[in-house]
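Undergrad: My structure is below; once you've seen it, I'll send some questions.
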Amino acid sequence: MDVLAVPADRQKGWYLSLMAPNTKGPEYAWLDPSRLYCNPQALADCVKDLLSRFHSDPIDLVAGIDAMGFILGASVATTLGKGFLAIRKAGHLCVATQNQNYTDYTGREKTMEVRLDVLKPGVRVLLVDQWIETGGTMRAAIQLVEKLGATVVGVAAVAIENTEGGKWIKENYKFSHCIPEALQSQVDGKYLNFFESFNK
């Protein structure tokens with residue numbers, strides 16, 4: 001599918017076929033969802049789908065996770081008319097921060113941080129990331145928000161895989177993602193037949 005094409009029938013998740021499969025090997029993520037952000041209708045529909053479960057929820061702030069969560073999170077924040085908070089990889093903020101260690105989807109130990117002067121008791125936060133595979137990164141972001149007394153309204157991502165960590169998020173927090181239920185097992189299995197489903 002051409003990156004700027006828009007089908008006449010825009011069923012939920014049509015834009016998933018724009019994602020680019022891995023051509024570089026196992027040390028990289030198996031998909032690159034950032035290609036769908038190049039299509040303005042795809043990005044708008046993705047954000048609309050992510051927000052569909054949160055229409056009745058009061059949200060004060062959207063927080064996105066470094067780095068690809070910045071793109072999607074900022075788009076969500078703009079659509080809602082809310083502010084955006086960047087949750088950063090450690091060492092990038094020049095102000096006082098709260099830190100949280102975690103293990104990412106590659107199995108590497110990392111640290112993320114957030115500034116101290118935004119998240120406070122009573123602030124309701126929607127957390128956004130591009131993709132939740134093992135759930136370690138999102139769980140660390142949840143811990144940061146809650147350590148500072150704010151409330152996690154929910155979690156949104158293009159996909160939430162049914163790993164142990166992904167299931168923990170789904171069981172403990174309101175969530176939204178863009179994968180139709182019929183395609184979830186394919187996403188969990190990391191194979192690409194779902195592209196054919198949208199390109200017929």
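Convention: chains lettered A, B, ... in structure tokens order; per-chain residue numbering from 1; ligands numbered from 1 as shown.
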Please, which residues of segment 25-189 of chain A, numbered as in this document, come out helix (DSSP H, G or I) from DSSP, as a PyMOL selection string?

TA: chain A and resi 33-38+40-54+68-80+136-147+164-172+181-189

Undergrad: May I have the residues from that selection written out with C-alpha atoms, as a CSV table (one decimal), in the first residue's frame?

TA:
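Written output follows (selection.csv):
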```csv
chain,number,residue,atom,x,y,z
A,33,PRO,CA,4.7,1.5,13.1
A,34,SER,CA,6.2,5.0,12.4
A,35,ARG,CA,5.4,4.7,8.7
A,36,LEU,CA,1.7,5.1,9.4
A,37,TYR,CA,2.4,8.5,11.0
A,38,CYS,CA,3.4,9.7,7.5
A,40,PRO,CA,-2.3,12.2,7.9
A,41,GLN,CA,-5.6,10.3,7.7
A,42,ALA,CA,-3.9,7.2,9.1
A,43,LEU,CA,-2.5,9.1,12.1
A,44,ALA,CA,-5.9,10.8,12.7
A,45,ASP,CA,-7.8,7.5,12.6
A,46,CYS,CA,-5.2,5.8,14.8
A,47,VAL,CA,-5.6,8.6,17.4
A,48,LYS,CA,-9.4,8.4,17.1
A,49,ASP,CA,-9.3,4.7,17.7
A,50,LEU,CA,-7.0,5.1,20.7
A,51,LEU,CA,-9.3,7.6,22.3
A,52,SER,CA,-12.6,5.7,21.7
A,53,ARG,CA,-12.5,4.1,25.2
A,54,PHE,CA,-11.7,7.3,27.0
A,68,MET,CA,8.2,7.0,19.7
A,69,GLY,CA,5.5,7.6,22.3
A,70,PHE,CA,6.3,11.3,21.9
A,71,ILE,CA,4.8,11.3,18.4
A,72,LEU,CA,1.7,9.4,19.1
A,73,GLY,CA,1.3,11.0,22.6
A,74,ALA,CA,1.6,14.5,21.3
A,75,SER,CA,-1.0,13.8,18.6
A,76,VAL,CA,-3.4,12.4,21.3
A,77,ALA,CA,-2.8,15.5,23.5
A,78,THR,CA,-3.4,17.9,20.6
A,79,THR,CA,-6.7,16.1,19.7
A,80,LEU,CA,-7.8,16.3,23.3
A,136,GLY,CA,8.4,-3.4,31.1
A,137,THR,CA,8.7,0.2,29.7
A,138,MET,CA,5.0,1.0,30.3
A,139,ARG,CA,5.0,-0.5,33.8
A,140,ALA,CA,8.0,1.8,34.7
A,141,ALA,CA,6.1,4.8,33.3
A,142,ILE,CA,3.0,3.8,35.4
A,143,GLN,CA,5.3,3.5,38.5
A,144,LEU,CA,6.7,7.0,37.9
A,145,VAL,CA,3.3,8.6,37.5
A,146,GLU,CA,2.0,6.9,40.7
A,147,LYS,CA,5.1,7.6,42.8
A,164,GLU,CA,2.8,-11.5,30.7
A,165,GLY,CA,3.5,-7.8,31.0
A,166,GLY,CA,0.9,-6.9,28.4
A,167,LYS,CA,-1.7,-8.9,30.2
A,168,TRP,CA,-0.8,-7.3,33.5
A,169,ILE,CA,-1.5,-3.9,32.0
A,170,LYS,CA,-4.8,-5.0,30.5
A,171,GLU,CA,-5.9,-6.6,33.8
A,172,ASN,CA,-5.0,-3.6,36.0
A,181,GLU,CA,-9.5,-8.8,18.1
A,182,ALA,CA,-9.4,-11.1,15.1
A,183,LEU,CA,-5.8,-10.0,14.4
A,184,GLN,CA,-4.5,-10.1,18.0
A,185,SER,CA,-3.1,-13.7,17.8
A,186,GLN,CA,-1.2,-12.7,14.7
A,187,VAL,CA,0.4,-9.7,16.5
A,188,ASP,CA,1.2,-11.9,19.4
A,189,GLY,CA,2.8,-14.4,17.0
```

Undergrad: Need to verify the contact set: Val128 of chain A, 8 Å, only C-alpha atoms, exclusion of same-chain residues closer than 5 positions in sequence. Can you return it as a PyMOL selection string?

TA: chain A and resi 62-65+69+72-73+155-157

Undergrad: Suppose we keep N, CA and C atoms; can you now write the selection as a compact mmCIF listing (two decimals), in the first residue's frame?

TA:
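Output (part.txt):
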```txt
# COMPACT_ATOMS: atom_id res chain seq x y z
N VAL A 62 -1.58 14.25 28.95
CA VAL A 62 -1.13 13.06 28.22
C VAL A 62 0.38 12.95 28.41
N ALA A 63 0.85 11.77 28.75
CA ALA A 63 2.29 11.53 28.90
C ALA A 63 2.72 10.48 27.89
N GLY A 64 3.79 10.78 27.14
CA GLY A 64 4.31 9.86 26.15
C GLY A 64 5.70 9.40 26.54
N ILE A 65 6.03 8.17 26.13
CA ILE A 65 7.29 7.54 26.53
C ILE A 65 8.33 7.68 25.43
N GLY A 69 6.77 7.17 21.61
CA GLY A 69 5.55 7.59 22.30
C GLY A 69 5.35 9.09 22.27
N LEU A 72 3.06 9.84 18.96
CA LEU A 72 1.67 9.44 19.13
C LEU A 72 1.04 10.18 20.31
N GLY A 73 1.79 10.31 21.41
CA GLY A 73 1.27 11.00 22.59
C GLY A 73 0.97 12.46 22.33
N VAL A 155 -4.02 3.49 29.57
CA VAL A 155 -2.84 3.23 28.75
C VAL A 155 -3.29 3.06 27.30
N ALA A 156 -2.60 3.71 26.38
CA ALA A 156 -2.94 3.60 24.96
C ALA A 156 -1.69 3.34 24.14
N ALA A 157 -1.80 2.44 23.17
CA ALA A 157 -0.68 2.11 22.28
C ALA A 157 -1.25 1.53 20.99
```

Undergrad: Here is a test: counting only C-alpha atoms, which residue of A:Ser56, A:Asn162, A:Thr106, A:Ala96 is nearest to Tyr28 of chain A?

TA: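 Nearest candidate to Tyr28 of chain A out of A:Ser56, A:Asn162, A:Thr106, A:Ala96: A:Thr106.
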
Undergrad: Find, counting only C-alpha atoms, the residue in A:Gly83, A:Gly135, A:Gly149, A:Gly122 that gets nearest to Asp104 of chain A.

TA: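 Smallest distance to Asp104 of chain A is found for A:Gly135.
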
Undergrad: For the structure I just gave you, how does DSSP split segment 79-130 of chain A - specifically, which residues are strand (DSSP E)? Reply as a PyMOL selection string.

TA: chain A and resi 83-89+97-103+109-115+124-130

Undergrad: Just how far from atom CA of Thr163 of chain A is atom CA of Gly13 of chain A, in Å to one decimal?

TA: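 It comes out at 20.8 Å.
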
Undergrad: As an exercise, work out the distance from atom CA of Ala8 of chain A to atom CA of Ala20 of chain A in Å and give it to one decimal place.

TA: 21.5 Å

Undergrad: Could you name the residues that touch Arg88 of chain A at 7 Å or less, counting only C-alpha atoms, but leaving out those on the same chain fewer than 5 positions away, as a PyMOL selection string?

TA: chain A and resi 65-66+112-114

Undergrad: Have a look at atom CA of Ile160 of chain A and atom CA of Leu16 of chain A and let me know their distance in Å, one decimal.

TA: 13.6 Å

Undergrad: For Val118 of chain A, please output as a ChimeraX atom specification all residues within 10 Å (counting only C-alpha atoms; exclusion window: fewer than 4 positions along the same chain).

TA: /A:61,85,114,123,145,148,150

Undergrad: Save out the residues we just selected, all heavy atoms, as a PDB file, in the first residue's frame.

TA:
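Here's the written file selection-v2.pdb:
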```pdb
ATOM      1  N   LEU A  61      -3.835  15.416  31.449  1.00  0.00           N
ATOM      2  CA  LEU A  61      -2.524  15.458  30.827  1.00  0.00           C
ATOM      3  C   LEU A  61      -2.266  14.152  30.081  1.00  0.00           C
ATOM      4  O   LEU A  61      -2.687  13.089  30.532  1.00  0.00           O
ATOM      5  CB  LEU A  61      -1.465  15.627  31.931  1.00  0.00           C
ATOM      6  CG  LEU A  61      -0.014  15.894  31.557  1.00  0.00           C
ATOM      7  CD1 LEU A  61       0.129  17.277  30.917  1.00  0.00           C
ATOM      8  CD2 LEU A  61       0.868  15.803  32.794  1.00  0.00           C
ATOM      9  N   LEU A  85       3.327  15.621  28.447  1.00  0.00           N
ATOM     10  CA  LEU A  85       4.501  15.439  29.293  1.00  0.00           C
ATOM     11  C   LEU A  85       5.370  14.340  28.716  1.00  0.00           C
ATOM     12  O   LEU A  85       4.885  13.231  28.457  1.00  0.00           O
ATOM     13  CB  LEU A  85       4.074  15.066  30.720  1.00  0.00           C
ATOM     14  CG  LEU A  85       5.209  14.706  31.688  1.00  0.00           C
ATOM     15  CD1 LEU A  85       6.080  15.923  31.977  1.00  0.00           C
ATOM     16  CD2 LEU A  85       4.633  14.134  32.976  1.00  0.00           C
ATOM     17  N   VAL A 114      11.252  11.401  34.941  1.00  0.00           N
ATOM     18  CA  VAL A 114      10.251  12.432  34.664  1.00  0.00           C
ATOM     19  C   VAL A 114      10.508  13.602  35.605  1.00  0.00           C
ATOM     20  O   VAL A 114      10.973  13.409  36.739  1.00  0.00           O
ATOM     21  CB  VAL A 114       8.821  11.859  34.836  1.00  0.00           C
ATOM     22  CG1 VAL A 114       8.528  11.516  36.281  1.00  0.00           C
ATOM     23  CG2 VAL A 114       7.781  12.810  34.273  1.00  0.00           C
ATOM     24  N   VAL A 123      -3.878  14.897  39.530  1.00  0.00           N
ATOM     25  CA  VAL A 123      -3.659  14.999  38.084  1.00  0.00           C
ATOM     26  C   VAL A 123      -3.925  13.643  37.452  1.00  0.00           C
ATOM     27  O   VAL A 123      -3.350  12.632  37.852  1.00  0.00           O
ATOM     28  CB  VAL A 123      -2.218  15.471  37.771  1.00  0.00           C
ATOM     29  CG1 VAL A 123      -1.969  15.458  36.270  1.00  0.00           C
ATOM     30  CG2 VAL A 123      -1.983  16.861  38.334  1.00  0.00           C
ATOM     31  N   VAL A 145       4.483   7.761  37.367  1.00  0.00           N
ATOM     32  CA  VAL A 145       3.300   8.609  37.546  1.00  0.00           C
ATOM     33  C   VAL A 145       2.727   8.417  38.950  1.00  0.00           C
ATOM     34  O   VAL A 145       2.419   9.396  39.655  1.00  0.00           O
ATOM     35  CB  VAL A 145       2.238   8.277  36.470  1.00  0.00           C
ATOM     36  CG1 VAL A 145       0.914   8.973  36.781  1.00  0.00           C
ATOM     37  CG2 VAL A 145       2.736   8.680  35.089  1.00  0.00           C
ATOM     38  N   LEU A 148       4.617   9.839  42.068  1.00  0.00           N
ATOM     39  CA  LEU A 148       4.456  11.276  42.270  1.00  0.00           C
ATOM     40  C   LEU A 148       3.028  11.659  42.635  1.00  0.00           C
ATOM     41  O   LEU A 148       2.696  12.832  42.730  1.00  0.00           O
ATOM     42  CB  LEU A 148       4.920  12.023  41.016  1.00  0.00           C
ATOM     43  CG  LEU A 148       6.429  11.899  40.761  1.00  0.00           C
ATOM     44  CD1 LEU A 148       6.805  12.465  39.405  1.00  0.00           C
ATOM     45  CD2 LEU A 148       7.220  12.598  41.873  1.00  0.00           C
ATOM     46  N   ALA A 150       0.113  11.158  41.062  1.00  0.00           N
ATOM     47  CA  ALA A 150      -0.885  11.346  40.014  1.00  0.00           C
ATOM     48  C   ALA A 150      -1.609  10.028  39.739  1.00  0.00           C
ATOM     49  O   ALA A 150      -1.189   8.961  40.202  1.00  0.00           O
ATOM     50  CB  ALA A 150      -0.228  11.886  38.747  1.00  0.00           C
TER      51      ALA A 150
END
```

Undergrad: For Ala5 of chain A, list every protein, DNA or RNA residue within 8 Å, evaluated using only C-alpha atoms, and leave out those in the same chain fewer than 3 positions away; present the list as a count of residues only.

TA: 3
